[in-house]
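This report refers to the structure that appears directly beneath it.
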Amino acid sequence: MSNCGKYVDRNPTLRAAGICTKISETAEDALKRYSIDEAAESIMHTKCLQKYNAMRGDLLPNQRFIPEENLKELLSPELQKSRFVVFREKFAENMYSKKAELGKALQVDSKPEYITNESTTFGEPTQRSEPLYNLMFPCKSPDEVNRDYVRWHEKYIISHGHYLPSEQISRHYIKPFDRHKNFGQVYDVDFNGKYVKRAMAQCDNLIVVSKAQKQYLERTLGHLGRSINRENHITPDMTFGAPSKPNECNVKALIELQDQCEGTSPLITAIGNLNKIRQSLFDRHTLHMQDLKLALEKSDIKKTGLLTWNQIYEILYREGVHLNPQKITPALRHFNLIENEGLPSECIKYEELWKLLHVQYPIPKTGNISKMPPNIYNKDTTYRLMCQDRTRPPVEALPLKPFDPEFADEPTTAKDVISPDIPMHFGLTPSDFAKLRPKEELRRIFKRLINADEFDPLWEAAYNNLKRTNELISVVEIRNVMDSKKRPTA
């Protein structure tokens, strides 16, 4: 076998099947075997080819030339030249070549030295010189920038589906806000028809429902092709007809005597109207607020900063701005823009009015414009109630308990206070165990622990140890006698 001697023979007692042959050659040598005829043919063919090439070389003396130089010498032939040859070639190129060197201008010597690019302008000068930045990014007025931002912001909301971070927006909620209310248009229609399909599908299985559920289904759902009969389900808590609106007064308004018409006060209406006018003027592309300001200043001939309401109304009407004097007058009165109100010389500060109409100037802070209740400062707060304790008489101390000489030497330690024993949780103190008691009382105390026959020997032992004239013994003393009886003797 060819594998003989290469592996461990696990069964040396068993004889191998067949004859075991040992081969010294490896698998590589075995694969290189070839016949003698093929080797002789290959040697003869090689020698014939060499002889043919030698004969052909004699016939063709001009054979292929292989250069002896390396690649670097072939790509840079200047390295083989001497320094004199390189200088001569460079000198000849400078004499006869009109091409300038790389990075340098060609010297033509066609103009005087005092004529340079800084001192002389060549060619025809341009009629208008404008920077490249203004050509690429034309200048815009603040008004155009604001309008572009508004248009960009609207497209941003549509594309991204949300507002900018930390952006205050008005959701137009109605007070008081009800989070259970449906927002948007609600349709009580089954568009996909799944409920109709469910109603017309035949029920194959028996469904068991309770009586309460059956009554609820009959009361809320109608059969197919029939309307819901609600006459049999009328309860006293049902309301028919249009429900009455709830009273606007709440508990806080009743206690603080607030005015319920604060939301419709003239000042709030005037400020809301002012905001609408500011927004409408901002949306107009043909109106420029600076032109409106110049028109107001031009009408002020004396430069007093005041104009009558008729003059202001005519200028605004000529510029296409329509104001309602009755709606905007409370706002002007609140911001102190009216001089000599109610007199024939009544005038208005037109520059402050122009700032109120300009969207770039914020509306002055109004503060709390609601009416304060008259009893706002007549409330008893926690701090005021605490301060009233200073006027009250001091609380008298609790009377001390009378001194009882029986409990004067009660053996109470810190341990009893920090971690009291089980008897102390039931109202027993150490003095109760040290109190002297008669024999019958002790018998009732130990009747569940000691039998009647065993109690008398314990009593006699304790009485003999103490040798008192009165027949009184404490619970602790009986306990000590019981412990001495259980303790083994040496």
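In the structure tokens, each chain is lettered A, B, ... as it comes, each chain's residues begin at 1, and ligands are numbered from 1 in order of appearance.
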Among stretch 298-362 of chain A, which ones does DSSP place in alpha helix (DSSP H), written as a PDB file with N, CA, C and O atoms, in the first residue's frame?
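What landed in selection25.pdb:
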```
ATOM      1  N   LYS A 298     -44.274 117.366   4.881  1.00  0.00           N
ATOM      2  CA  LYS A 298     -44.495 118.507   3.990  1.00  0.00           C
ATOM      3  C   LYS A 298     -45.728 119.307   4.400  1.00  0.00           C
ATOM      4  O   LYS A 298     -45.769 120.531   4.255  1.00  0.00           O
ATOM      5  N   SER A 299     -46.742 118.649   4.953  1.00  0.00           N
ATOM      6  CA  SER A 299     -47.947 119.360   5.397  1.00  0.00           C
ATOM      7  C   SER A 299     -47.706 120.139   6.678  1.00  0.00           C
ATOM      8  O   SER A 299     -48.440 121.086   6.986  1.00  0.00           O
ATOM      9  N   TRP A 309     -56.530 116.011  12.651  1.00  0.00           N
ATOM     10  CA  TRP A 309     -56.990 114.726  12.137  1.00  0.00           C
ATOM     11  C   TRP A 309     -57.477 114.844  10.706  1.00  0.00           C
ATOM     12  O   TRP A 309     -57.305 113.919   9.908  1.00  0.00           O
ATOM     13  N   ASN A 310     -58.064 115.986  10.323  1.00  0.00           N
ATOM     14  CA  ASN A 310     -58.531 116.154   8.946  1.00  0.00           C
ATOM     15  C   ASN A 310     -57.362 116.164   7.966  1.00  0.00           C
ATOM     16  O   ASN A 310     -57.432 115.579   6.878  1.00  0.00           O
ATOM     17  N   GLN A 311     -56.258 116.863   8.343  1.00  0.00           N
ATOM     18  CA  GLN A 311     -55.092 116.882   7.457  1.00  0.00           C
ATOM     19  C   GLN A 311     -54.495 115.480   7.289  1.00  0.00           C
ATOM     20  O   GLN A 311     -54.144 115.069   6.178  1.00  0.00           O
ATOM     21  N   ILE A 312     -54.381 114.756   8.407  1.00  0.00           N
ATOM     22  CA  ILE A 312     -53.829 113.401   8.327  1.00  0.00           C
ATOM     23  C   ILE A 312     -54.732 112.492   7.505  1.00  0.00           C
ATOM     24  O   ILE A 312     -54.257 111.674   6.709  1.00  0.00           O
ATOM     25  N   TYR A 313     -56.044 112.639   7.674  1.00  0.00           N
ATOM     26  CA  TYR A 313     -56.978 111.787   6.944  1.00  0.00           C
ATOM     27  C   TYR A 313     -56.894 112.062   5.440  1.00  0.00           C
ATOM     28  O   TYR A 313     -56.960 111.137   4.625  1.00  0.00           O
ATOM     29  N   GLU A 314     -56.746 113.346   5.049  1.00  0.00           N
ATOM     30  CA  GLU A 314     -56.633 113.666   3.623  1.00  0.00           C
ATOM     31  C   GLU A 314     -55.351 113.088   3.022  1.00  0.00           C
ATOM     32  O   GLU A 314     -55.359 112.552   1.907  1.00  0.00           O
ATOM     33  N   ILE A 315     -54.246 113.210   3.767  1.00  0.00           N
ATOM     34  CA  ILE A 315     -52.971 112.674   3.242  1.00  0.00           C
ATOM     35  C   ILE A 315     -53.045 111.157   3.114  1.00  0.00           C
ATOM     36  O   ILE A 315     -52.629 110.568   2.100  1.00  0.00           O
ATOM     37  N   LEU A 316     -53.584 110.485   4.129  1.00  0.00           N
ATOM     38  CA  LEU A 316     -53.693 109.028   4.060  1.00  0.00           C
ATOM     39  C   LEU A 316     -54.638 108.580   2.958  1.00  0.00           C
ATOM     40  O   LEU A 316     -54.383 107.572   2.272  1.00  0.00           O
ATOM     41  N   TYR A 317     -55.718 109.313   2.771  1.00  0.00           N
ATOM     42  CA  TYR A 317     -56.676 108.960   1.718  1.00  0.00           C
ATOM     43  C   TYR A 317     -56.045 109.152   0.331  1.00  0.00           C
ATOM     44  O   TYR A 317     -56.291 108.366  -0.588  1.00  0.00           O
ATOM     45  N   ARG A 318     -55.199 110.221   0.193  1.00  0.00           N
ATOM     46  CA  ARG A 318     -54.522 110.462  -1.084  1.00  0.00           C
ATOM     47  C   ARG A 318     -53.492 109.369  -1.386  1.00  0.00           C
ATOM     48  O   ARG A 318     -53.280 109.016  -2.553  1.00  0.00           O
ATOM     49  N   PRO A 325     -61.591 106.596  11.958  1.00  0.00           N
ATOM     50  CA  PRO A 325     -61.225 107.376  13.157  1.00  0.00           C
ATOM     51  C   PRO A 325     -61.854 106.832  14.435  1.00  0.00           C
ATOM     52  O   PRO A 325     -61.243 106.882  15.501  1.00  0.00           O
ATOM     53  N   GLN A 326     -63.064 106.314  14.350  1.00  0.00           N
ATOM     54  CA  GLN A 326     -63.736 105.833  15.555  1.00  0.00           C
ATOM     55  C   GLN A 326     -63.037 104.590  16.132  1.00  0.00           C
ATOM     56  O   GLN A 326     -63.024 104.392  17.347  1.00  0.00           O
ATOM     57  N   LYS A 327     -62.469 103.728  15.251  1.00  0.00           N
ATOM     58  CA  LYS A 327     -61.824 102.511  15.733  1.00  0.00           C
ATOM     59  C   LYS A 327     -60.396 102.751  16.201  1.00  0.00           C
ATOM     60  O   LYS A 327     -59.925 102.085  17.113  1.00  0.00           O
ATOM     61  N   ILE A 328     -59.698 103.707  15.591  1.00  0.00           N
ATOM     62  CA  ILE A 328     -58.292 103.896  15.920  1.00  0.00           C
ATOM     63  C   ILE A 328     -58.083 104.958  16.990  1.00  0.00           C
ATOM     64  O   ILE A 328     -56.991 105.057  17.575  1.00  0.00           O
ATOM     65  N   THR A 329     -59.087 105.759  17.298  1.00  0.00           N
ATOM     66  CA  THR A 329     -58.929 106.812  18.312  1.00  0.00           C
ATOM     67  C   THR A 329     -58.620 106.249  19.697  1.00  0.00           C
ATOM     68  O   THR A 329     -57.768 106.811  20.403  1.00  0.00           O
ATOM     69  N   PRO A 330     -59.247 105.174  20.187  1.00  0.00           N
ATOM     70  CA  PRO A 330     -58.860 104.643  21.506  1.00  0.00           C
ATOM     71  C   PRO A 330     -57.397 104.232  21.588  1.00  0.00           C
ATOM     72  O   PRO A 330     -56.749 104.418  22.627  1.00  0.00           O
ATOM     73  N   ALA A 331     -56.843 103.717  20.489  1.00  0.00           N
ATOM     74  CA  ALA A 331     -55.420 103.349  20.503  1.00  0.00           C
ATOM     75  C   ALA A 331     -54.540 104.591  20.564  1.00  0.00           C
ATOM     76  O   ALA A 331     -53.545 104.622  21.298  1.00  0.00           O
ATOM     77  N   LEU A 332     -54.908 105.654  19.821  1.00  0.00           N
ATOM     78  CA  LEU A 332     -54.135 106.889  19.880  1.00  0.00           C
ATOM     79  C   LEU A 332     -54.215 107.521  21.262  1.00  0.00           C
ATOM     80  O   LEU A 332     -53.218 108.077  21.764  1.00  0.00           O
ATOM     81  N   ARG A 333     -55.364 107.458  21.882  1.00  0.00           N
ATOM     82  CA  ARG A 333     -55.518 108.001  23.233  1.00  0.00           C
ATOM     83  C   ARG A 333     -54.688 107.203  24.235  1.00  0.00           C
ATOM     84  O   ARG A 333     -54.111 107.763  25.173  1.00  0.00           O
ATOM     85  N   HIS A 334     -54.634 105.886  24.045  1.00  0.00           N
ATOM     86  CA  HIS A 334     -53.883 105.056  24.979  1.00  0.00           C
ATOM     87  C   HIS A 334     -52.373 105.292  24.869  1.00  0.00           C
ATOM     88  O   HIS A 334     -51.660 105.272  25.885  1.00  0.00           O
ATOM     89  N   TYR A 350     -47.985 113.168  14.263  1.00  0.00           N
ATOM     90  CA  TYR A 350     -48.028 112.363  13.036  1.00  0.00           C
ATOM     91  C   TYR A 350     -46.828 111.424  12.921  1.00  0.00           C
ATOM     92  O   TYR A 350     -46.918 110.351  12.306  1.00  0.00           O
ATOM     93  N   GLU A 351     -45.686 111.811  13.479  1.00  0.00           N
ATOM     94  CA  GLU A 351     -44.519 110.920  13.371  1.00  0.00           C
ATOM     95  C   GLU A 351     -44.737 109.639  14.189  1.00  0.00           C
ATOM     96  O   GLU A 351     -44.399 108.528  13.732  1.00  0.00           O
ATOM     97  N   GLU A 352     -45.316 109.767  15.382  1.00  0.00           N
ATOM     98  CA  GLU A 352     -45.612 108.582  16.181  1.00  0.00           C
ATOM     99  C   GLU A 352     -46.705 107.741  15.527  1.00  0.00           C
ATOM    100  O   GLU A 352     -46.672 106.496  15.590  1.00  0.00           O
ATOM    101  N   LEU A 353     -47.673 108.426  14.878  1.00  0.00           N
ATOM    102  CA  LEU A 353     -48.705 107.692  14.159  1.00  0.00           C
ATOM    103  C   LEU A 353     -48.107 106.923  12.985  1.00  0.00           C
ATOM    104  O   LEU A 353     -48.505 105.781  12.698  1.00  0.00           O
ATOM    105  N   TRP A 354     -47.136 107.540  12.290  1.00  0.00           N
ATOM    106  CA  TRP A 354     -46.465 106.846  11.175  1.00  0.00           C
ATOM    107  C   TRP A 354     -45.714 105.606  11.665  1.00  0.00           C
ATOM    108  O   TRP A 354     -45.697 104.567  10.992  1.00  0.00           O
ATOM    109  N   LYS A 355     -45.100 105.669  12.844  1.00  0.00           N
ATOM    110  CA  LYS A 355     -44.408 104.512  13.401  1.00  0.00           C
ATOM    111  C   LYS A 355     -45.393 103.402  13.776  1.00  0.00           C
ATOM    112  O   LYS A 355     -45.061 102.215  13.691  1.00  0.00           O
ATOM    113  N   LEU A 356     -46.599 103.807  14.216  1.00  0.00           N
ATOM    114  CA  LEU A 356     -47.608 102.787  14.514  1.00  0.00           C
ATOM    115  C   LEU A 356     -48.068 102.054  13.257  1.00  0.00           C
ATOM    116  O   LEU A 356     -48.383 100.861  13.311  1.00  0.00           O
ATOM    117  N   LEU A 357     -48.087 102.778  12.117  1.00  0.00           N
ATOM    118  CA  LEU A 357     -48.518 102.148  10.864  1.00  0.00           C
ATOM    119  C   LEU A 357     -47.397 101.382  10.181  1.00  0.00           C
ATOM    120  O   LEU A 357     -47.661 100.526   9.335  1.00  0.00           O
TER     121      LEU A 357
END
```
So that I can check the surroundings of stretch 435-452 of chain A, please list as a PDB file with N, CA, C and O atoms, in the first residue's frame every protein, DNA and RNA residue that reaches within 6 Å of it, counting only C-alpha atoms and ignoring chain neighbours fewer than 3 positions away.
```
ATOM      1  N   SER A 431     -41.921  49.880  84.500  1.00  0.00           N
ATOM      2  CA  SER A 431     -42.443  49.928  85.870  1.00  0.00           C
ATOM      3  C   SER A 431     -43.569  48.926  86.086  1.00  0.00           C
ATOM      4  O   SER A 431     -43.797  48.479  87.222  1.00  0.00           O
ATOM      5  N   ASP A 432     -44.273  48.569  84.999  1.00  0.00           N
ATOM      6  CA  ASP A 432     -45.339  47.579  85.141  1.00  0.00           C
ATOM      7  C   ASP A 432     -44.777  46.209  85.490  1.00  0.00           C
ATOM      8  O   ASP A 432     -45.430  45.414  86.189  1.00  0.00           O
ATOM      9  N   PHE A 455     -47.025  26.778  89.508  1.00  0.00           N
ATOM     10  CA  PHE A 455     -46.909  28.163  89.965  1.00  0.00           C
ATOM     11  C   PHE A 455     -46.627  28.253  91.468  1.00  0.00           C
ATOM     12  O   PHE A 455     -45.877  29.137  91.905  1.00  0.00           O
ATOM     13  N   LEU A 472     -45.905  40.348  98.559  1.00  0.00           N
ATOM     14  CA  LEU A 472     -45.979  41.034  97.264  1.00  0.00           C
ATOM     15  C   LEU A 472     -44.695  40.753  96.506  1.00  0.00           C
ATOM     16  O   LEU A 472     -43.581  40.936  97.042  1.00  0.00           O
ATOM     17  N   ILE A 473     -44.848  40.313  95.274  1.00  0.00           N
ATOM     18  CA  ILE A 473     -43.706  39.985  94.416  1.00  0.00           C
ATOM     19  C   ILE A 473     -43.998  40.559  93.030  1.00  0.00           C
ATOM     20  O   ILE A 473     -45.150  40.583  92.565  1.00  0.00           O
ATOM     21  N   SER A 474     -42.962  40.987  92.303  1.00  0.00           N
ATOM     22  CA  SER A 474     -43.116  41.560  90.966  1.00  0.00           C
ATOM     23  C   SER A 474     -42.987  40.484  89.896  1.00  0.00           C
ATOM     24  O   SER A 474     -42.561  39.352  90.163  1.00  0.00           O
TER      25      SER A 474
END
```
